[in-house]
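Novice: My structure is stored as start.pdb, with PDB, C-alpha atoms.
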```pdb
MODEL        1
ATOM      1  CA  MET A 193     -17.185  24.809  -8.275
ATOM      2  CA  ALA A 194     -15.853  23.098  -5.163
ATOM      3  CA  LYS A 195     -12.360  23.913  -3.996
ATOM      4  CA  THR A 196     -10.124  20.914  -3.519
ATOM      5  CA  SER A 197      -7.580  21.068  -0.752
ATOM      6  CA  THR A 198      -3.955  20.445  -1.557
ATOM      7  CA  SER A 199      -1.253  19.200   0.738
ATOM      8  CA  ALA A 200       0.054  22.780   1.010
ATOM      9  CA  ASP A 201      -3.390  23.975   2.184
ATOM     10  CA  THR A 202      -3.574  21.188   4.746
ATOM     11  CA  ALA A 203      -0.070  21.940   6.007
ATOM     12  CA  ALA A 204      -0.873  25.639   6.267
ATOM     13  CA  SER A 205      -4.062  24.988   8.260
ATOM     14  CA  MET A 206      -2.230  22.656  10.652
ATOM     15  CA  ALA A 207       0.573  25.201  11.058
ATOM     16  CA  GLY A 208      -1.795  27.612  12.813
ATOM     17  CA  SER A 209      -1.864  25.401  15.877
ATOM     18  CA  ASP A 210       0.556  26.278  18.695
ATOM     19  CA  HIS A 211       1.103  22.654  19.672
ATOM     20  CA  LEU A 212       4.429  20.964  19.057
ATOM     21  CA  TYR A 213       3.890  18.051  16.695
ATOM     22  CA  ALA A 214       5.774  16.131  14.047
ATOM     23  CA  ILE A 215       4.922  13.921  11.107
ATOM     24  CA  VAL A 216       7.125  10.820  10.994
ATOM     25  CA  ALA A 217       7.325   8.003   8.466
ATOM     26  CA  ASP A 218       7.768   4.442   9.714
ATOM     27  CA  GLY A 219       7.014   1.129   8.062
ATOM     28  CA  GLY A 220       5.418   2.671   4.978
ATOM     29  CA  ARG A 221       2.981   4.744   7.071
ATOM     30  CA  GLN A 222       2.968   8.325   8.262
ATOM     31  CA  TYR A 223       2.044   9.291  11.817
ATOM     32  CA  ARG A 224       1.216  12.727  13.234
ATOM     33  CA  VAL A 225       2.630  12.612  16.760
ATOM     34  CA  MET A 226       2.760  14.889  19.796
ATOM     35  CA  GLU A 227       4.733  14.504  23.017
ATOM     36  CA  GLY A 228       3.034  12.108  25.437
ATOM     37  CA  GLN A 229       0.910  10.499  22.721
ATOM     38  CA  GLU A 230       0.714   6.691  22.525
ATOM     39  CA  ILE A 231       0.701   5.065  19.079
ATOM     40  CA  GLU A 232       0.899   1.532  17.683
ATOM     41  CA  ILE A 233       3.591   0.811  15.108
ATOM     42  CA  ASP A 234       4.673  -2.356  13.317
ATOM     43  CA  PHE A 235       6.221  -5.114  15.424
ATOM     44  CA  ARG A 236       9.812  -4.597  16.564
ATOM     45  CA  HIS A 237      12.048  -6.982  18.519
ATOM     46  CA  VAL A 238      12.715  -4.542  21.365
ATOM     47  CA  PRO A 239      11.995  -5.022  25.067
ATOM     48  CA  ALA A 240       9.539  -2.836  26.969
ATOM     49  CA  GLY A 241      11.183   0.238  28.456
ATOM     50  CA  SER A 242      13.736   0.680  25.674
ATOM     51  CA  GLU A 243      13.895   3.681  23.351
ATOM     52  CA  ILE A 244      13.161   3.953  19.619
ATOM     53  CA  VAL A 245      14.381   6.910  17.555
ATOM     54  CA  PHE A 246      12.474   7.954  14.428
ATOM     55  CA  ASP A 247      14.923   9.677  12.061
ATOM     56  CA  GLU A 248      12.595  10.046   9.096
ATOM     57  CA  VAL A 249      10.750  13.222  10.173
ATOM     58  CA  LEU A 250       8.759  14.750   7.312
ATOM     59  CA  ALA A 251       7.503  17.891   9.081
ATOM     60  CA  VAL A 252       7.779  19.641  12.445
ATOM     61  CA  SER A 253       5.450  22.319  13.790
ATOM     62  CA  GLU A 254       6.835  24.419  16.612
ATOM     63  CA  ALA A 255       5.178  27.530  18.113
ATOM     64  CA  GLY A 256       2.915  27.893  15.086
ATOM     65  CA  LYS A 257       5.768  27.645  12.582
ATOM     66  CA  LEU A 258       5.880  24.667  10.242
ATOM     67  CA  LYS A 259       9.132  23.203   8.906
ATOM     68  CA  LEU A 260       8.626  20.955   5.894
ATOM     69  CA  GLY A 261      11.368  18.585   4.828
ATOM     70  CA  LYS A 262      12.521  17.938   1.293
ATOM     71  CA  PRO A 263      11.912  14.994   1.806
ATOM     72  CA  THR A 264      12.927  15.006   5.507
ATOM     73  CA  VAL A 265      13.753  17.736   8.027
ATOM     74  CA  LYS A 266      17.505  17.749   8.569
ATOM     75  CA  GLY A 267      18.571  17.041  12.153
ATOM     76  CA  ALA A 268      15.036  16.400  13.397
ATOM     77  CA  THR A 269      14.374  13.286  15.488
ATOM     78  CA  VAL A 270      11.486  11.891  17.476
ATOM     79  CA  LYS A 271      12.257   9.683  20.481
ATOM     80  CA  ALA A 272       9.741   7.184  21.820
ATOM     81  CA  GLU A 273       9.619   4.782  24.759
ATOM     82  CA  VAL A 274       8.426   1.212  24.114
ATOM     83  CA  LEU A 275       5.422   0.294  26.272
ATOM     84  CA  GLY A 276       5.000  -3.294  25.074
ATOM     85  CA  LEU A 277       3.385  -5.529  22.511
ATOM     86  CA  VAL A 278      -0.253  -5.343  21.439
ATOM     87  CA  GLN A 279      -2.350  -7.696  19.345
ATOM     88  CA  GLY A 280      -4.662  -6.414  16.652
ATOM     89  CA  ASP A 281      -8.192  -7.548  15.933
ATOM     90  CA  LYS A 282      -8.739 -11.023  14.521
ATOM     91  CA  LEU A 283      -8.878 -11.028  10.719
ATOM     92  CA  PHE A 284     -10.588 -13.875   8.867
ATOM     93  CA  VAL A 285      -9.689 -15.077   5.383
ATOM     94  CA  GLN A 286     -12.266 -17.260   3.645
ATOM     95  CA  LYS A 287     -11.979 -19.220   0.410
ATOM     96  CA  PHE A 288     -15.049 -20.661  -1.268
ATOM     97  CA  ARG A 289     -15.728 -22.431  -4.545
ATOM     98  CA  ARG A 290     -19.348 -22.970  -5.362
ATOM     99  CA  ARG A 291     -20.704 -26.472  -5.977
ATOM    100  CA  LYS A 292     -17.324 -28.079  -5.159
ATOM    101  CA  ASN A 293     -17.668 -28.582  -1.389
ATOM    102  CA  TYR A 294     -14.603 -26.369  -0.947
ATOM    103  CA  ARG A 295     -14.589 -24.044   2.054
ATOM    104  CA  ARG A 296     -11.516 -22.831   3.926
ATOM    105  CA  ARG A 297     -11.406 -20.371   6.778
ATOM    106  CA  THR A 298      -8.211 -19.150   8.378
ATOM    107  CA  GLY A 299      -7.420 -16.127  10.482
ATOM    108  CA  HIS A 300      -4.649 -14.233  12.153
ATOM    109  CA  ARG A 301      -3.992 -11.436  14.636
ATOM    110  CA  SER A 302      -1.168  -9.108  13.726
ATOM    111  CA  VAL A 303       1.211  -8.086  16.496
ATOM    112  CA  GLY A 304       2.331  -4.483  16.934
ATOM    113  CA  THR A 305       4.455  -2.428  19.280
ATOM    114  CA  LYS A 306       2.911   0.299  21.420
ATOM    115  CA  VAL A 307       5.131   3.348  22.027
ATOM    116  CA  ARG A 308       4.804   6.664  23.882
ATOM    117  CA  ILE A 309       6.350   9.725  22.259
ATOM    118  CA  ALA A 310       8.952  11.084  24.695
ATOM    119  CA  SER A 311      10.464  14.047  22.844
ATOM    120  CA  ILE A 312      10.482  15.875  19.535
ATOM    121  CA  SER A 313      13.624  17.754  18.558
ATOM    122  CA  ALA A 314      13.948  19.861  15.439
TER     123      ALA A 314
ENDMDL
END
```
Reformat the file's structure so that it appears as structure tokens.

Specialist:
Amino acid sequence: MAKTSTSADTAASMAGSDHLYAIVADGGRQYRVMEGQEIEIDFRHVPAGSEIVFDEVLAVSEAGKLKLGKPTVKGATVKAEVLGLVQGDKLFVQKFRRRKNYRRRTGHRSVGTKVRIASISA
């Protein structure tokens, strides 16, 4: 019988690492971030060079010790510096109805904000 991993098992295995990292929630997604890491988040109307603070920190690992929030870690914040805007890959949407000479093709490129994680405080 195969053993299925639970979220507690996953958290325990990640806690063994000595790196400082945090799990933050933003825009309906969760990101595992470390200091100096660059990530793409949903578009924000902020100029390049400004600072974004993530208050919704779900977990923080520090010196091999993991702090899990219920649902968030109290007093923990992650600060990030905005690097600029990025465009995603082109996505195509096609509509087709057979035998009706009906074909439509549209597309879009979603815009995101690229940030660099500056500091993690627990």

Novice: What does the PyMOL selection byres ((chain A and resi 240-243) around 8) select in this file, as an mmCIF file with C-alpha atoms, in the frame of the given file?

Specialist:
```
data_model
loop_
_atom_site.group_PDB
_atom_site.id
_atom_site.type_symbol
_atom_site.label_atom_id
_atom_site.label_comp_id
_atom_site.auth_asym_id
_atom_site.auth_seq_id
_atom_site.Cartn_x
_atom_site.Cartn_y
_atom_site.Cartn_z
ATOM 1 C CA VAL A 238 12.715 -4.542 21.365
ATOM 2 C CA PRO A 239 11.995 -5.022 25.067
ATOM 3 C CA ILE A 244 13.161 3.953 19.619
ATOM 4 C CA VAL A 245 14.381 6.910 17.555
ATOM 5 C CA LYS A 271 12.257 9.683 20.481
ATOM 6 C CA ALA A 272 9.741 7.184 21.820
ATOM 7 C CA GLU A 273 9.619 4.782 24.759
ATOM 8 C CA VAL A 274 8.426 1.212 24.114
ATOM 9 C CA LEU A 275 5.422 0.294 26.272
ATOM 10 C CA GLY A 276 5.000 -3.294 25.074
#
```

Novice: From the list A:Ala310, A:Ala251, A:Val225, A:Val303, which residue is nearest A:Lys266 when using all atoms listed in the file?

Specialist: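 That would be A:Ala251, the residue with the smallest distance to A:Lys266.
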
Novice: Nearest to A:Gly219: which of A:Ser313, A:Lys287, A:Lys282, A:Gly304 is it, counting all atoms listed in the file?

Specialist: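 Counting all atoms listed in the file, the residue closest to A:Gly219 is A:Gly304.
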
Novice: What is the atom CA of A:Lys259-atom CA of A:Ile309 distance in Å, reported with one decimal?

Specialist: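 Computing it gives 19.2 Å between the two atoms.
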
Novice: What would the selection look like, as a PyMOL selection string, if the PyMOL selection byres ((chain A and resi 284) around 9) were run on the coordinates I just shared?

Specialist: chain A and resi 282-283+285-286+297-300

Novice: Selected residues, C-alpha atoms, written as a PDB file, in the frame of the given file, please.

Specialist:
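The new file out_30.pdb reads:
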```pdb
ATOM      1  CA  LYS A 282      -8.739 -11.023  14.521  1.00  0.00           C
ATOM      2  CA  LEU A 283      -8.878 -11.028  10.719  1.00  0.00           C
ATOM      3  CA  VAL A 285      -9.689 -15.077   5.383  1.00  0.00           C
ATOM      4  CA  GLN A 286     -12.266 -17.260   3.645  1.00  0.00           C
ATOM      5  CA  ARG A 297     -11.406 -20.371   6.778  1.00  0.00           C
ATOM      6  CA  THR A 298      -8.211 -19.150   8.378  1.00  0.00           C
ATOM      7  CA  GLY A 299      -7.420 -16.127  10.482  1.00  0.00           C
ATOM      8  CA  HIS A 300      -4.649 -14.233  12.153  1.00  0.00           C
TER       9      HIS A 300
END
```

Novice: For this file, the PyMOL selection byres ((chain A and resi 212) around 10) selects which residues, as a ChimeraX atom specification?

Specialist: /A:207,209-211,213-214,225-227,252-258,311-313

Novice: Quick check, in Å to one decimal: how far apart do atom CA of A:Leu260 and atom CA of A:Glu248 lie?

Specialist: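 A separation of 12.0 Å between them.
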
Novice: Atom CA of A:Ala268 and atom CA of A:His237, how far apart in Å?

Specialist: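 Rounded to one decimal, the two atoms are 24.1 Å apart.
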
Novice: Kindly compute an axis-aligned box around the listed atoms of stretch 290-300 of chain A, allowing 3 Å on each side, and express its centre and edge lengths in Å to one decimal as JSON.

Specialist:
```
{"center_x": -12.7, "center_y": -21.4, "center_z": 3.1, "size_x": 22.1, "size_y": 20.3, "size_z": 24.1}
```

Novice: I want to know what sits within 8 Å of A:Asp281, based on only C-alpha atoms, with residues of the same chain fewer than 2 positions away left out; could you give that as a list in words?

Specialist: Gln279, Leu283, Arg301 and Ser302 of chain A

Novice: Under the rule that only C-alpha atoms are counted, which of A:Gln229, A:Asn293, A:Thr264, A:Thr305 is the nearest residue to A:Leu277?

Specialist: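 Answer, going by the shortest atom-to-atom distance: A:Thr305.
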
Novice: Neighbouring residues of A:Arg221 were defined as those with any atom within 10 Å, considering all atoms listed in the file; residues of the same chain fewer than 4 positions away were excluded. Please report them as a ChimeraX atom specification.

Specialist: /A:216-217,233-234

Novice: Some atoms are absent from stretch 210-229 of chain A, so rebuild N, CA and C atoms and return them as a PDB file, in the coordinates of the input.

Specialist:
```pdb
ATOM      1  N   ASP A 210      -0.637  25.975  17.906  1.00  0.00           N
ATOM      2  CA  ASP A 210       0.556  26.278  18.695  1.00  0.00           C
ATOM      3  C   ASP A 210       1.171  25.031  19.324  1.00  0.00           C
ATOM      4  N   HIS A 211       0.591  23.880  19.087  1.00  0.00           N
ATOM      5  CA  HIS A 211       1.103  22.654  19.672  1.00  0.00           C
ATOM      6  C   HIS A 211       2.335  22.184  18.922  1.00  0.00           C
ATOM      7  N   LEU A 212       3.249  21.563  19.662  1.00  0.00           N
ATOM      8  CA  LEU A 212       4.429  20.964  19.057  1.00  0.00           C
ATOM      9  C   LEU A 212       4.052  19.581  18.558  1.00  0.00           C
ATOM     10  N   TYR A 213       4.161  19.367  17.254  1.00  0.00           N
ATOM     11  CA  TYR A 213       3.890  18.051  16.695  1.00  0.00           C
ATOM     12  C   TYR A 213       4.838  17.784  15.548  1.00  0.00           C
ATOM     13  N   ALA A 214       4.923  16.532  15.158  1.00  0.00           N
ATOM     14  CA  ALA A 214       5.774  16.131  14.047  1.00  0.00           C
ATOM     15  C   ALA A 214       5.049  15.071  13.234  1.00  0.00           C
ATOM     16  N   ILE A 215       5.428  14.970  11.977  1.00  0.00           N
ATOM     17  CA  ILE A 215       4.922  13.921  11.107  1.00  0.00           C
ATOM     18  C   ILE A 215       6.108  13.027  10.781  1.00  0.00           C
ATOM     19  N   VAL A 216       6.022  11.761  11.198  1.00  0.00           N
ATOM     20  CA  VAL A 216       7.125  10.820  10.994  1.00  0.00           C
ATOM     21  C   VAL A 216       6.658   9.694  10.083  1.00  0.00           C
ATOM     22  N   ALA A 217       7.597   9.142   9.335  1.00  0.00           N
ATOM     23  CA  ALA A 217       7.325   8.003   8.466  1.00  0.00           C
ATOM     24  C   ALA A 217       7.993   6.772   9.070  1.00  0.00           C
ATOM     25  N   ASP A 218       7.228   5.686   9.169  1.00  0.00           N
ATOM     26  CA  ASP A 218       7.768   4.442   9.714  1.00  0.00           C
ATOM     27  C   ASP A 218       6.976   3.278   9.143  1.00  0.00           C
ATOM     28  N   GLY A 219       7.671   2.327   8.570  1.00  0.00           N
ATOM     29  CA  GLY A 219       7.014   1.129   8.062  1.00  0.00           C
ATOM     30  C   GLY A 219       6.041   1.389   6.933  1.00  0.00           C
ATOM     31  N   GLY A 220       6.307   2.380   6.090  1.00  0.00           N
ATOM     32  CA  GLY A 220       5.418   2.671   4.978  1.00  0.00           C
ATOM     33  C   GLY A 220       4.195   3.484   5.364  1.00  0.00           C
ATOM     34  N   ARG A 221       4.107   3.922   6.606  1.00  0.00           N
ATOM     35  CA  ARG A 221       2.981   4.744   7.071  1.00  0.00           C
ATOM     36  C   ARG A 221       3.502   6.056   7.620  1.00  0.00           C
ATOM     37  N   GLN A 222       2.619   7.036   7.685  1.00  0.00           N
ATOM     38  CA  GLN A 222       2.968   8.325   8.262  1.00  0.00           C
ATOM     39  C   GLN A 222       2.104   8.560   9.492  1.00  0.00           C
ATOM     40  N   TYR A 223       2.735   9.055  10.553  1.00  0.00           N
ATOM     41  CA  TYR A 223       2.044   9.291  11.817  1.00  0.00           C
ATOM     42  C   TYR A 223       2.233  10.745  12.217  1.00  0.00           C
ATOM     43  N   ARG A 224       1.140  11.387  12.655  1.00  0.00           N
ATOM     44  CA  ARG A 224       1.216  12.727  13.234  1.00  0.00           C
ATOM     45  C   ARG A 224       1.285  12.531  14.739  1.00  0.00           C
ATOM     46  N   VAL A 225       2.406  12.919  15.351  1.00  0.00           N
ATOM     47  CA  VAL A 225       2.630  12.612  16.760  1.00  0.00           C
ATOM     48  C   VAL A 225       2.882  13.878  17.564  1.00  0.00           C
ATOM     49  N   MET A 226       2.500  13.818  18.835  1.00  0.00           N
ATOM     50  CA  MET A 226       2.760  14.889  19.796  1.00  0.00           C
ATOM     51  C   MET A 226       3.406  14.248  21.019  1.00  0.00           C
ATOM     52  N   GLU A 227       4.092  15.038  21.821  1.00  0.00           N
ATOM     53  CA  GLU A 227       4.733  14.504  23.017  1.00  0.00           C
ATOM     54  C   GLU A 227       3.680  13.947  23.971  1.00  0.00           C
ATOM     55  N   GLY A 228       3.958  12.755  24.515  1.00  0.00           N
ATOM     56  CA  GLY A 228       3.034  12.108  25.437  1.00  0.00           C
ATOM     57  C   GLY A 228       2.000  11.231  24.759  1.00  0.00           C
ATOM     58  N   GLN A 229       1.898  11.284  23.451  1.00  0.00           N
ATOM     59  CA  GLN A 229       0.910  10.499  22.721  1.00  0.00           C
ATOM     60  C   GLN A 229       1.368   9.042  22.620  1.00  0.00           C
TER      61      GLN A 229
END
```
